[in-house]
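> This is my_file04.csv (CSV, C-alpha atoms and all ligand atoms).
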chain,number,residue,atom,x,y,z
A,1,MET,CA,0.4,-3.5,-34.3
A,2,THR,CA,1.8,-2.5,-30.9
A,3,LYS,CA,1.0,-5.1,-28.3
A,4,ILE,CA,0.9,-4.3,-24.6
A,5,ALA,CA,0.8,-6.8,-21.8
A,6,LEU,CA,-0.3,-6.0,-18.3
A,7,LEU,CA,-0.4,-7.7,-14.9
A,8,THR,CA,-1.2,-7.0,-11.2
A,9,SER,CA,1.4,-8.1,-8.7
A,10,GLY,CA,2.1,-8.2,-4.9
A,11,GLY,CA,-0.6,-7.1,-2.4
A,12,ASP,CA,-3.7,-6.2,-4.3
A,13,ALA,CA,-5.0,-2.7,-3.8
A,14,PRO,CA,-8.5,-1.1,-4.4
A,15,GLY,CA,-8.3,0.7,-7.7
A,16,MET,CA,-6.3,-1.9,-9.6
A,17,ASN,CA,-9.4,-2.8,-11.6
A,18,ALA,CA,-9.9,0.9,-12.5
A,19,ALA,CA,-6.3,1.0,-13.7
A,20,ILE,CA,-6.8,-2.1,-15.8
A,21,ARG,CA,-10.0,-0.6,-17.3
A,22,ALA,CA,-8.2,2.6,-18.2
A,23,ILE,CA,-5.3,0.8,-19.9
A,24,VAL,CA,-7.6,-1.4,-21.9
A,25,HIS,CA,-9.7,1.5,-23.0
A,26,SER,CA,-6.6,3.5,-24.0
A,27,CYS,CA,-5.2,0.6,-25.9
A,28,GLN,CA,-8.4,0.4,-28.0
A,29,HIS,CA,-8.2,4.1,-28.5
A,30,HIS,CA,-4.6,3.8,-29.8
A,31,GLN,CA,-5.5,0.6,-31.7
A,32,TYR,CA,-3.0,-1.4,-29.6
A,33,GLU,CA,-3.5,-5.0,-28.8
A,34,CYS,CA,-3.8,-5.7,-25.1
A,35,ILE,CA,-3.4,-8.9,-23.1
A,36,GLY,CA,-3.5,-9.5,-19.4
A,37,PHE,CA,-1.4,-12.1,-17.6
A,38,PHE,CA,-2.9,-13.7,-14.5
A,39,HIS,CA,-1.6,-14.2,-10.9
A,40,GLY,CA,1.2,-11.6,-11.0
A,41,TYR,CA,4.5,-12.8,-12.5
A,42,ASN,CA,3.2,-16.4,-12.2
A,43,GLY,CA,1.1,-15.7,-15.3
A,44,LEU,CA,4.3,-15.0,-17.3
A,45,LEU,CA,6.0,-18.1,-16.0
A,46,ASN,CA,3.0,-20.3,-16.6
A,47,ASP,CA,1.9,-18.6,-19.8
A,48,GLU,CA,-1.5,-17.9,-18.4
A,49,TRP,CA,-3.2,-15.0,-20.1
A,50,GLN,CA,-6.2,-13.6,-22.0
A,51,ALA,CA,-6.8,-10.9,-24.6
A,52,LEU,CA,-8.5,-7.8,-23.0
A,53,THR,CA,-11.1,-5.7,-24.8
A,54,HIS,CA,-13.8,-3.2,-23.7
A,55,ALA,CA,-16.1,-6.1,-23.0
A,56,ASP,CA,-13.7,-7.6,-20.4
A,57,VAL,CA,-13.4,-4.4,-18.4
A,58,GLY,CA,-17.1,-3.3,-18.2
A,59,ASN,CA,-18.5,-2.9,-14.7
A,60,ILE,CA,-15.2,-3.5,-12.9
A,61,LEU,CA,-14.2,0.1,-11.9
A,62,GLN,CA,-16.2,-0.1,-8.6
A,63,PHE,CA,-14.7,-3.3,-7.3
A,64,GLY,CA,-11.7,-4.0,-5.1
A,65,GLY,CA,-9.3,-6.8,-5.8
A,66,THR,CA,-8.2,-7.4,-9.4
A,67,ILE,CA,-9.8,-9.2,-12.3
A,68,LEU,CA,-6.3,-10.4,-13.3
A,69,LYS,CA,-5.7,-11.8,-9.8
A,70,SER,CA,-2.5,-11.0,-7.9
A,71,ALA,CA,0.2,-13.1,-6.3
A,72,ARG,CA,3.6,-13.1,-4.8
A,73,CYS,CA,5.9,-15.1,-7.1
A,74,PRO,CA,9.1,-16.1,-5.4
A,75,ALA,CA,10.4,-17.8,-8.6
A,76,MET,CA,11.0,-14.3,-10.0
A,77,CYS,CA,13.8,-13.8,-7.4
A,78,ASP,CA,15.6,-16.8,-8.9
A,79,PRO,CA,17.8,-15.9,-11.9
A,80,LYS,CA,15.8,-18.4,-14.0
A,81,GLY,CA,12.5,-16.7,-13.4
A,82,PRO,CA,13.0,-13.4,-15.2
A,83,LYS,CA,14.6,-15.3,-18.1
A,84,GLN,CA,11.5,-17.5,-18.5
A,85,ALA,CA,9.2,-14.5,-18.1
A,86,ALA,CA,11.1,-12.8,-20.9
A,87,ASN,CA,10.7,-15.8,-23.1
A,88,THR,CA,7.0,-15.7,-22.7
A,89,LEU,CA,6.9,-12.0,-23.6
A,90,ARG,CA,9.0,-12.7,-26.7
A,91,LYS,CA,6.8,-15.6,-27.7
A,92,HIS,CA,3.7,-13.3,-27.6
A,93,GLN,CA,5.6,-10.5,-29.4
A,94,ILE,CA,4.9,-8.1,-26.6
A,95,ASP,CA,6.2,-4.5,-27.1
A,96,ALA,CA,5.6,-3.2,-23.6
A,97,LEU,CA,4.7,-4.7,-20.2
A,98,ILE,CA,2.8,-2.6,-17.7
A,99,VAL,CA,2.9,-3.9,-14.1
A,100,ILE,CA,0.5,-2.5,-11.4
A,101,GLY,CA,2.1,-3.2,-8.0
A,102,GLY,CA,4.5,-2.1,-5.3
A,103,ASP,CA,8.3,-1.9,-4.9
A,104,GLY,CA,8.8,-5.7,-5.1
A,105,SER,CA,6.9,-5.8,-8.4
A,106,PHE,CA,9.1,-3.0,-9.8
A,107,ARG,CA,12.2,-5.0,-8.7
A,108,GLY,CA,10.7,-7.8,-10.8
A,109,LEU,CA,10.5,-5.4,-13.8
A,110,GLU,CA,14.2,-4.4,-13.3
A,111,ALA,CA,15.2,-8.1,-13.2
A,112,LEU,CA,13.2,-8.7,-16.3
A,113,LYS,CA,14.9,-5.9,-18.2
A,114,ALA,CA,18.2,-7.8,-18.0
A,115,HIS,CA,16.7,-10.4,-20.4
A,116,TRP,CA,14.1,-8.5,-22.4
A,117,GLU,CA,14.3,-5.7,-24.9
A,118,GLY,CA,10.7,-4.4,-24.6
A,119,GLN,CA,9.5,-1.4,-22.6
A,120,VAL,CA,8.6,-1.8,-18.9
A,121,ILE,CA,6.3,0.6,-17.1
A,122,GLY,CA,5.2,0.5,-13.5
A,123,LEU,CA,2.0,1.9,-12.0
A,124,PRO,CA,2.1,2.4,-8.2
A,125,GLY,CA,-0.5,0.0,-6.8
A,126,THR,CA,-0.2,-0.7,-3.1
A,127,ILE,CA,-2.2,0.3,0.0
A,128,ASP,CA,1.2,1.1,1.8
A,129,ASN,CA,1.9,4.4,-0.2
A,130,ASP,CA,5.6,3.6,0.1
A,131,LEU,CA,6.7,4.5,-3.5
A,132,ALA,CA,8.6,7.7,-4.2
A,133,GLY,CA,7.5,9.8,-7.2
A,134,SER,CA,3.8,9.8,-6.5
A,135,ASP,CA,2.0,11.6,-3.7
A,136,ASN,CA,-0.3,8.7,-3.4
A,137,THR,CA,-0.4,5.1,-4.6
A,138,ILE,CA,-3.5,3.4,-6.0
A,139,GLY,CA,-5.3,1.9,-3.0
A,140,PHE,CA,-3.9,4.0,-0.2
A,141,ALA,CA,-7.0,6.4,0.0
A,142,THR,CA,-9.4,3.5,0.3
A,143,ALA,CA,-7.3,1.7,2.9
A,144,VAL,CA,-7.1,4.9,5.0
A,145,THR,CA,-10.9,5.4,4.6
A,146,THR,CA,-11.6,1.8,5.6
A,147,ALA,CA,-9.4,1.9,8.6
A,148,THR,CA,-10.8,5.3,9.7
A,149,HIS,CA,-14.3,4.0,9.6
A,150,ALA,CA,-13.3,0.9,11.5
A,151,ILE,CA,-11.7,2.9,14.2
A,152,ASP,CA,-14.7,5.2,14.5
A,153,LYS,CA,-16.7,2.1,15.3
A,154,ILE,CA,-14.1,0.9,17.7
A,155,ARG,CA,-14.2,4.3,19.4
A,156,ASP,CA,-18.0,3.8,20.1
A,157,THR,CA,-17.4,0.6,22.1
A,158,ALA,CA,-14.2,1.9,23.6
A,159,ASN,CA,-16.0,5.0,24.9
A,160,ALA,CA,-18.9,2.9,26.3
A,161,PHE,CA,-16.4,0.8,28.3
A,162,GLU,CA,-13.9,3.6,28.9
A,163,ARG,CA,-11.3,1.3,27.5
A,164,VAL,CA,-7.8,1.3,26.1
A,165,PHE,CA,-7.7,-0.1,22.6
A,166,ILE,CA,-4.7,-1.1,20.6
A,167,VAL,CA,-5.5,-1.1,16.9
A,168,GLU,CA,-3.0,-2.6,14.5
A,169,VAL,CA,-3.0,-1.2,10.9
A,170,MET,CA,-1.1,-2.4,7.9
A,171,GLY,CA,1.8,-0.8,6.1
A,172,ARG,CA,4.5,-3.4,6.2
A,173,HIS,CA,7.4,-1.1,7.0
A,174,SER,CA,6.0,2.3,6.4
A,175,GLY,CA,3.9,4.6,8.6
A,176,HIS,CA,1.7,6.3,5.9
A,177,ILE,CA,-1.4,4.4,6.9
A,178,ALA,CA,-0.7,4.6,10.6
A,179,PHE,CA,-0.2,8.4,10.7
A,180,ASN,CA,-3.1,9.2,8.2
A,181,VAL,CA,-5.5,6.9,10.1
A,182,GLY,CA,-4.2,8.0,13.5
A,183,LEU,CA,-4.7,11.7,12.8
A,184,ALA,CA,-8.0,11.1,11.0
A,185,THR,CA,-9.5,9.3,14.0
A,186,GLY,CA,-7.9,11.5,16.7
A,187,ALA,CA,-6.0,8.5,18.2
A,188,GLU,CA,-4.5,9.4,21.5
A,189,ALA,CA,-1.3,7.6,20.5
A,190,ILE,CA,0.3,6.6,17.2
A,191,LEU,CA,3.2,4.2,17.3
A,192,SER,CA,5.0,3.8,14.0
A,193,PHE,CA,8.4,3.6,12.5
A,194,GLU,CA,8.7,7.3,12.4
A,195,ASN,CA,8.4,7.9,16.1
A,196,CYS,CA,9.3,4.6,17.7
A,197,ASP,CA,12.5,2.6,17.7
A,198,PRO,CA,11.5,-1.1,17.6
A,199,ALA,CA,15.0,-2.0,19.0
A,200,ASP,CA,14.3,0.1,22.1
A,201,THR,CA,10.6,0.3,22.9
A,202,ALA,CA,11.1,1.0,26.7
A,203,PRO,CA,11.0,4.8,26.4
A,204,GLN,CA,7.8,4.6,24.3
A,205,LEU,CA,6.2,2.2,26.7
A,206,ALA,CA,7.0,4.5,29.6
A,207,ARG,CA,5.6,7.5,27.8
A,208,LEU,CA,2.5,5.6,26.7
A,209,ILE,CA,1.8,4.4,30.3
A,210,SER,CA,2.2,7.9,31.6
A,211,GLN,CA,-0.2,9.3,28.9
A,212,ILE,CA,-2.8,6.7,29.7
A,213,GLN,CA,-2.5,7.3,33.5
A,214,VAL,CA,-2.8,11.0,33.1
A,215,GLN,CA,-5.8,10.6,30.9
A,216,GLN,CA,-7.4,8.1,33.3
A,217,GLN,CA,-6.9,10.4,36.3
A,218,HIS,CA,-8.6,13.3,34.6
A,219,ASN,CA,-11.5,11.8,32.7
A,220,HIS,CA,-13.0,8.5,31.8
A,221,ASP,CA,-12.7,8.5,28.0
A,222,SER,CA,-11.4,5.8,25.7
A,223,PHE,CA,-7.7,5.8,24.7
A,224,VAL,CA,-7.0,4.5,21.2
A,225,ILE,CA,-3.5,3.5,20.2
A,226,VAL,CA,-2.9,3.1,16.5
A,227,LEU,CA,0.0,0.7,16.1
A,228,ALA,CA,1.8,0.0,12.8
A,229,GLU,CA,2.2,-3.7,12.0
A,230,ASN,CA,5.7,-5.2,12.3
A,231,LEU,CA,6.8,-2.4,14.7
A,232,TRP,CA,6.3,-3.6,18.3
A,233,PRO,CA,8.4,-6.7,19.1
A,234,GLY,CA,5.8,-9.5,19.7
A,235,GLY,CA,3.0,-7.4,18.1
A,236,PRO,CA,0.0,-5.8,19.7
A,237,GLN,CA,-0.5,-8.8,22.1
A,238,ALA,CA,3.0,-8.2,23.6
A,239,LEU,CA,2.2,-4.5,24.0
A,240,LYS,CA,-1.1,-5.4,25.8
A,241,ALA,CA,0.8,-7.7,28.1
A,242,GLN,CA,3.4,-5.1,28.9
A,243,LEU,CA,0.8,-2.4,29.7
A,244,ALA,CA,-0.9,-4.9,32.1
A,245,GLU,CA,2.3,-6.1,33.7
A,246,GLN,CA,4.0,-2.8,34.1
A,247,ALA,CA,1.1,-0.6,35.0
A,248,GLY,CA,-2.0,-2.7,35.5
A,249,ILE,CA,-3.6,-1.2,32.4
A,250,ASP,CA,-6.2,-3.4,30.8
A,251,SER,CA,-6.6,-3.0,27.0
A,252,ALA,CA,-8.3,-4.7,24.1
A,253,VAL,CA,-6.5,-5.5,20.8
A,254,CYS,CA,-8.0,-5.3,17.3
A,255,VAL,CA,-6.0,-6.2,14.3
A,256,LEU,CA,-7.7,-4.6,11.2
A,257,GLY,CA,-5.7,-6.8,8.8
A,258,HIS,CA,-6.8,-7.5,5.3
A,259,ILE,CA,-10.1,-5.6,5.5
A,260,GLN,CA,-7.8,-2.6,4.7
A,261,ARG,CA,-7.0,-4.1,1.3
A,262,GLY,CA,-10.6,-4.8,0.2
A,263,GLY,CA,-13.8,-3.0,-0.6
A,264,SER,CA,-15.0,-0.6,-3.2
A,265,PRO,CA,-12.3,1.8,-4.1
A,266,ALA,CA,-12.7,5.4,-2.9
A,267,PRO,CA,-13.3,8.0,-5.7
A,268,GLU,CA,-9.7,9.3,-5.2
A,269,ASP,CA,-8.3,5.8,-6.0
A,270,ARG,CA,-10.6,5.4,-9.0
A,271,LEU,CA,-9.6,8.8,-10.4
A,272,LEU,CA,-5.9,8.3,-9.7
A,273,ALA,CA,-5.9,4.8,-11.3
A,274,THR,CA,-7.7,6.1,-14.3
A,275,GLU,CA,-5.3,9.0,-14.9
A,276,LEU,CA,-2.2,6.8,-14.3
A,277,GLY,CA,-3.6,4.0,-16.5
A,278,LEU,CA,-4.2,6.3,-19.5
A,279,GLU,CA,-0.8,7.9,-19.0
A,280,ALA,CA,0.9,4.6,-19.0
A,281,VAL,CA,-0.3,3.8,-22.5
A,282,ASN,CA,0.7,7.3,-23.6
A,283,ALA,CA,4.2,6.5,-22.2
A,284,VAL,CA,4.3,3.4,-24.4
A,285,SER,CA,3.6,5.6,-27.4
A,286,ARG,CA,6.4,7.9,-26.4
A,287,ASN,CA,8.8,4.9,-26.3
A,288,GLN,CA,9.5,5.4,-22.6
A,289,ASP,CA,11.1,2.6,-20.7
A,290,ARG,CA,12.0,1.6,-17.1
A,291,ILE,CA,9.7,4.2,-15.6
A,292,MET,CA,6.8,4.5,-13.1
A,293,ILE,CA,4.0,6.8,-13.8
A,294,GLY,CA,3.1,8.9,-10.7
A,295,LYS,CA,1.2,12.0,-9.8
A,296,GLN,CA,2.7,14.8,-7.8
A,297,GLY,CA,0.4,17.7,-7.0
A,298,SER,CA,-1.7,17.8,-10.1
A,299,THR,CA,1.1,16.8,-12.4
A,300,LEU,CA,1.4,13.4,-14.0
A,301,GLN,CA,5.1,12.4,-14.2
A,302,ALA,CA,7.3,9.6,-15.3
A,303,VAL,CA,10.0,8.7,-12.8
A,304,PRO,CA,12.8,6.2,-13.1
A,305,LEU,CA,11.7,2.8,-11.7
A,306,ASN,CA,14.8,2.6,-9.5
A,307,GLY,CA,14.0,6.0,-8.0
A,308,ALA,CA,10.5,5.0,-7.2
A,309,ILE,CA,11.8,1.9,-5.4
A,310,ASN,CA,14.9,3.4,-3.6
A,311,ASP,CA,14.2,7.0,-3.0
A,312,ALA,CA,12.7,7.8,0.4
A,313,LYS,CA,9.1,8.9,0.7
A,314,PRO,CA,8.8,9.8,4.4
A,315,VAL,CA,5.5,10.4,6.1
A,316,ASN,CA,4.6,14.1,6.1
A,317,GLY,CA,6.8,15.5,8.9
A,318,ARG,CA,4.3,18.1,9.9
A,319,TRP,CA,1.8,15.3,10.7
A,320,VAL,CA,4.3,13.5,12.9
A,321,ALA,CA,5.0,16.8,14.6
A,322,ALA,CA,1.4,17.7,14.9
A,323,HIS,CA,0.6,14.5,16.6
A,324,GLU,CA,3.5,14.9,19.0
A,325,ASP,CA,2.6,18.6,19.8
A,326,VAL,CA,-1.0,17.8,20.5
A,327,LEU,CA,0.0,15.0,22.9
A,328,THR,CA,2.6,17.0,24.6
A,329,GLU,CA,0.2,19.9,25.1
A,330,TYR,CA,-2.4,17.5,26.4
A,331,LEU,CA,0.1,16.0,28.9
A,332,ILE,CA,1.3,19.4,30.2
A,333,LYS,CA,-2.3,20.6,30.5
A,334,HIS,CA,-3.4,17.6,32.5
A,335,SER,CA,-0.3,17.4,34.7
A,336,GLU,CA,-0.6,21.0,36.0
B,401,LIG,N1,14.3,-8.6,-6.1
B,401,LIG,C1,13.4,-9.1,-6.9
B,401,LIG,N2,13.7,-9.6,-8.1
B,401,LIG,C2,12.8,-10.1,-8.9
B,401,LIG,N3,11.4,-10.1,-8.6
B,401,LIG,C3,11.0,-9.6,-7.5
B,401,LIG,C4,12.0,-9.1,-6.5
B,401,LIG,N4,11.3,-8.6,-5.4
B,401,LIG,C5,10.0,-8.9,-5.7
B,401,LIG,N5,9.8,-9.5,-6.9
B,401,LIG,C6,8.6,-10.0,-7.5
B,401,LIG,O1,7.5,-9.1,-7.2
B,401,LIG,C7,6.5,-9.8,-6.5
B,401,LIG,C8,5.7,-8.8,-5.6
B,401,LIG,O2,6.6,-8.3,-4.7
B,401,LIG,P1,6.2,-8.0,-3.2
B,401,LIG,O3,7.3,-7.3,-2.5
B,401,LIG,O4,5.6,-9.2,-2.6
B,401,LIG,O5,4.9,-7.0,-3.4
B,401,LIG,P2,4.8,-5.5,-3.9
B,401,LIG,O6,5.1,-5.4,-5.3
B,401,LIG,O7,3.4,-5.1,-3.5
B,401,LIG,O8,5.8,-4.7,-3.1
B,401,LIG,C9,7.2,-10.9,-5.8
B,401,LIG,O9,6.4,-11.9,-5.4
B,401,LIG,C10,8.2,-11.3,-6.9
B,401,LIG,O10,7.5,-12.1,-7.9
B,402,LIG,O1,-1.4,-10.5,2.3
B,402,LIG,P1,0.0,-10.8,2.8
B,402,LIG,O2,0.8,-11.5,1.8
B,402,LIG,O3,0.1,-11.3,4.2
B,402,LIG,O4,0.8,-9.4,2.9
B,402,LIG,C1,0.5,-8.4,3.9
B,402,LIG,C2,1.2,-7.1,3.4
B,402,LIG,O5,0.7,-6.7,2.2
B,402,LIG,C3,0.3,-5.3,2.4
B,402,LIG,O6,-1.1,-5.3,2.6
B,402,LIG,C4,0.5,-4.6,1.1
B,402,LIG,O7,1.9,-4.6,0.8
B,402,LIG,P2,2.5,-4.7,-0.7
B,402,LIG,O8,1.6,-3.8,-1.5
B,402,LIG,O9,3.9,-4.2,-0.6
B,402,LIG,O10,2.4,-6.1,-1.2
B,402,LIG,C5,1.1,-4.8,3.6
B,402,LIG,O11,0.5,-3.7,4.2
B,402,LIG,C6,1.1,-6.0,4.4
B,402,LIG,O12,2.2,-6.0,5.3
What would you get if you wrote out this structure as structure tokens?

Amino acid sequence: MTKIALLTSGGDAPGMNAAIRAIVHSCQHHQYECIGFFHGYNGLLNDEWQALTHADVGNILQFGGTILKSARCPAMCDPKGPKQAANTLRKHQIDALIVIGGDGSFRGLEALKAHWEGQVIGLPGTIDNDLAGSDNTIGFATAVTTATHAIDKIRDTANAFERVFIVEVMGRHSGHIAFNVGLATGAEAILSFENCDPADTAPQLARLISQIQVQQQHNHDSFVIVLAENLWPGGPQALKAQLAEQAGIDSAVCVLGHIQRGGSPAPEDRLLATELGLEAVNAVSRNQDRIMIGKQGSTLQAVPLNGAINDAKPVNGRWVAAHEDVLTEYLIKHSE
């Protein structure tokens, strides 16, 4: 009997449970055995697992987090780690390993392949949406929704106080969350890797100050800056201090942080996770190996793991341009 193992790894993402559920259901449909390892790759290193059946995945679809737990496992980056993980898979006579995670987790799969003959399949699970080969990753839609609702609330108090707010959103090194959330909330400024050079923030700071000053001269609204994490040297507090020192602009800082990773998955994530999970098991049946299952447009597709990791997936250029155009228009209009 074919035996499939699965685990969730790296930053958890809402919808991982829906993917686990789909994989387990599909395994039962194909009459495959399915076991889940706990705590990311640590579960393979520590041989920590449980058999998964319908009964284990009932009533989990609607919850964030992951019933298999997740973790970062530095030992996998040591040459001994993947070897030990391979031994565990061999001991349990696993035919295929499905990992739901981000680019780091897929690097772990590639490292494992050097020591293991079984099939490895990745499912894109990260709020950052930074994997090529799938329009969206599992968790991204929920994170964008959560951050959008949070900024809508910030907007109320910002309006009441006619205040400048700096709101930091997650995304590690990619601006998908920043641009989607910034556009969805009508942020007056979006500062992200795509439009701001962290090595030379002076031009952006000058521009930002002039935008805020123009706005403050012409009305008394709030001004929301959506800032991507890891972008501004010194973070949002440094930006706040620079606005105050260089232009006497008072601002409030709100770091949305891990609330973006939690909560009930949005329907888009539940559906994506379900489709990708079912397709991952089909890919095992087709003997596919070293692939990620993604969805582009309405098409499910298998892409090479290394492509998913290494190919660029830039933020939609039209959105970056749209934001710039709107702001430029605003500045011209108010400077006349
Ligand atoms: N180069 C690598 N070689 C082997 N394993 C890796 C490598 N990079 C990451 N991993 C494994 O994948 C885990 C998750 O990676 P990480 O980058 O933290 O999250 P994500 O998968 O969400 O991008 C790491 O903790 C480690 O166990
Ligand atoms: O919870 P941690 O370990 O501090 O990690 C924070 C990072 O994880 C994320 O939430 C998700 O990133 P990954 O999916 O690549 O793990 C990033 O947006 C953020 O930078």
> Out of A:Leu7, A:Ala96, A:Leu272, A:Cys73, which residue has the shortest atom-to-atom distance to A:Leu52 when counting all atoms listed in the file?
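Ranked by minimum distance to A:Leu52, first place goes to A:Leu7.
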> Any chance you could tabulate, as a Markdown table, the residues of chain A at most 7 Å from ligand LIG 402 (chain B) with each one's nearest atom pair and distance in Å to one decimal, using only C-alpha atoms and all ligand atoms, in chain and rising number order?

| residue | atom | partner | partner_atom | distance |
| --- | --- | --- | --- | --- |
| A:Gly10 | CA | B:LIG402 | O10 | 4.3 |
| A:Gly11 | CA | B:LIG402 | O10 | 3.4 |
| A:Asp12 | CA | B:LIG402 | O8 | 6.5 |
| A:Gly101 | CA | B:LIG402 | O8 | 6.5 |
| A:Gly102 | CA | B:LIG402 | O8 | 5.1 |
| A:Asp103 | CA | B:LIG402 | O9 | 6.6 |
| A:Gly104 | CA | B:LIG402 | O9 | 6.8 |
| A:Gly125 | CA | B:LIG402 | O8 | 6.9 |
| A:Thr126 | CA | B:LIG402 | O8 | 3.9 |
| A:Ile127 | CA | B:LIG402 | C4 | 5.7 |
| A:Asp128 | CA | B:LIG402 | O11 | 5.4 |
| A:Met170 | CA | B:LIG402 | O11 | 4.2 |
| A:Gly171 | CA | B:LIG402 | O11 | 3.7 |
| A:Arg172 | CA | B:LIG402 | O12 | 3.6 |
| A:His258 | CA | B:LIG402 | O6 | 6.7 |
| A:Arg261 | CA | B:LIG402 | O6 | 6.2 |
> Using all atoms listed in the file, can you tell me which of A:Gln260, A:Asn87, A:Ser251, A:Gln213 comes closest to A:Ala178?
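The shortest atom-to-atom distance to A:Ala178 comes from A:Gln260.
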> List the spatial neighbours of A:Leu205 as a list of chain:residue names - criterion: any atom at most 10 Å away, only C-alpha atoms, same-chain residues fewer than 2 positions off excluded.
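What passes the distance filter is A:Cys196, A:Asp200, A:Thr201, A:Ala202, A:Pro203, A:Arg207, A:Leu208, A:Ile209, A:Ser210, A:Gln211, A:Leu239, A:Gln242, A:Leu243, A:Gln246.
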> Within 10 Å of ligand LIG 401 (chain B), which residues show up when you count only C-alpha atoms and all ligand atoms? List them as a PyMOL selection string, please.
chain A and resi 8-13+39-42+70-79+81-82+99-112+124-128+130-131+172+309
> Which value, in Å to one decimal, gives the distance between atom CA of A:Val164 and atom CA of A:Glu324?
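That distance, rounded to one decimal, is 19.1 Å.
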> Name all residues at most 8 Å from A:Leu123 (count only C-alpha atoms; drop same-chain ones fewer than 6 positions away) and give them as a PyMOL selection string.
chain A and resi 98-101+276-277+280+292-294
> Between atom CA of A:Asn129 and atom CA of A:Ala114, what is the spacing in Å?
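For atom CA of A:Ala114 relative to atom CA of A:Asn129, the distance reads 27.0 Å.
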> What lies within 6 Å of A:Leu305 using only C-alpha atoms, ignoring chain neighbours under 3 positions off, as a ChimeraX atom specification?
/A:290-292,308
> Find the spatial neighbours of A:His173, counting all atoms listed in the file, within a cut-off of 8 Å - ignore same-chain residues fewer than 4 positions away - and output them as a VMD selection string.
chain A and resid 193 229 to 231
> Okay, now the selection with C-alpha atoms, as a compact mmCIF listing (two decimals), in the coordinates of the input?

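Written output follows (result.txt):
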# COMPACT_ATOMS: atom_id res chain seq x y z
CA PHE A 193 8.40 3.60 12.50
CA GLU A 229 2.20 -3.70 12.00
CA ASN A 230 5.70 -5.20 12.30
CA LEU A 231 6.80 -2.40 14.70
> Show me the residues close to (-16.7, 2.1, -10.9) - anything with an atom within 10 Å, counting all atoms listed in the file - and format the list as a ChimeraX atom specification.
/A:15,17-18,21,58-64,264-267,270-271
> To one decimal place in Å, what is the distance between atom CA of A:Val255 and atom CA of A:Glu168?
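Distance reported for this atom pair: 4.7 Å.
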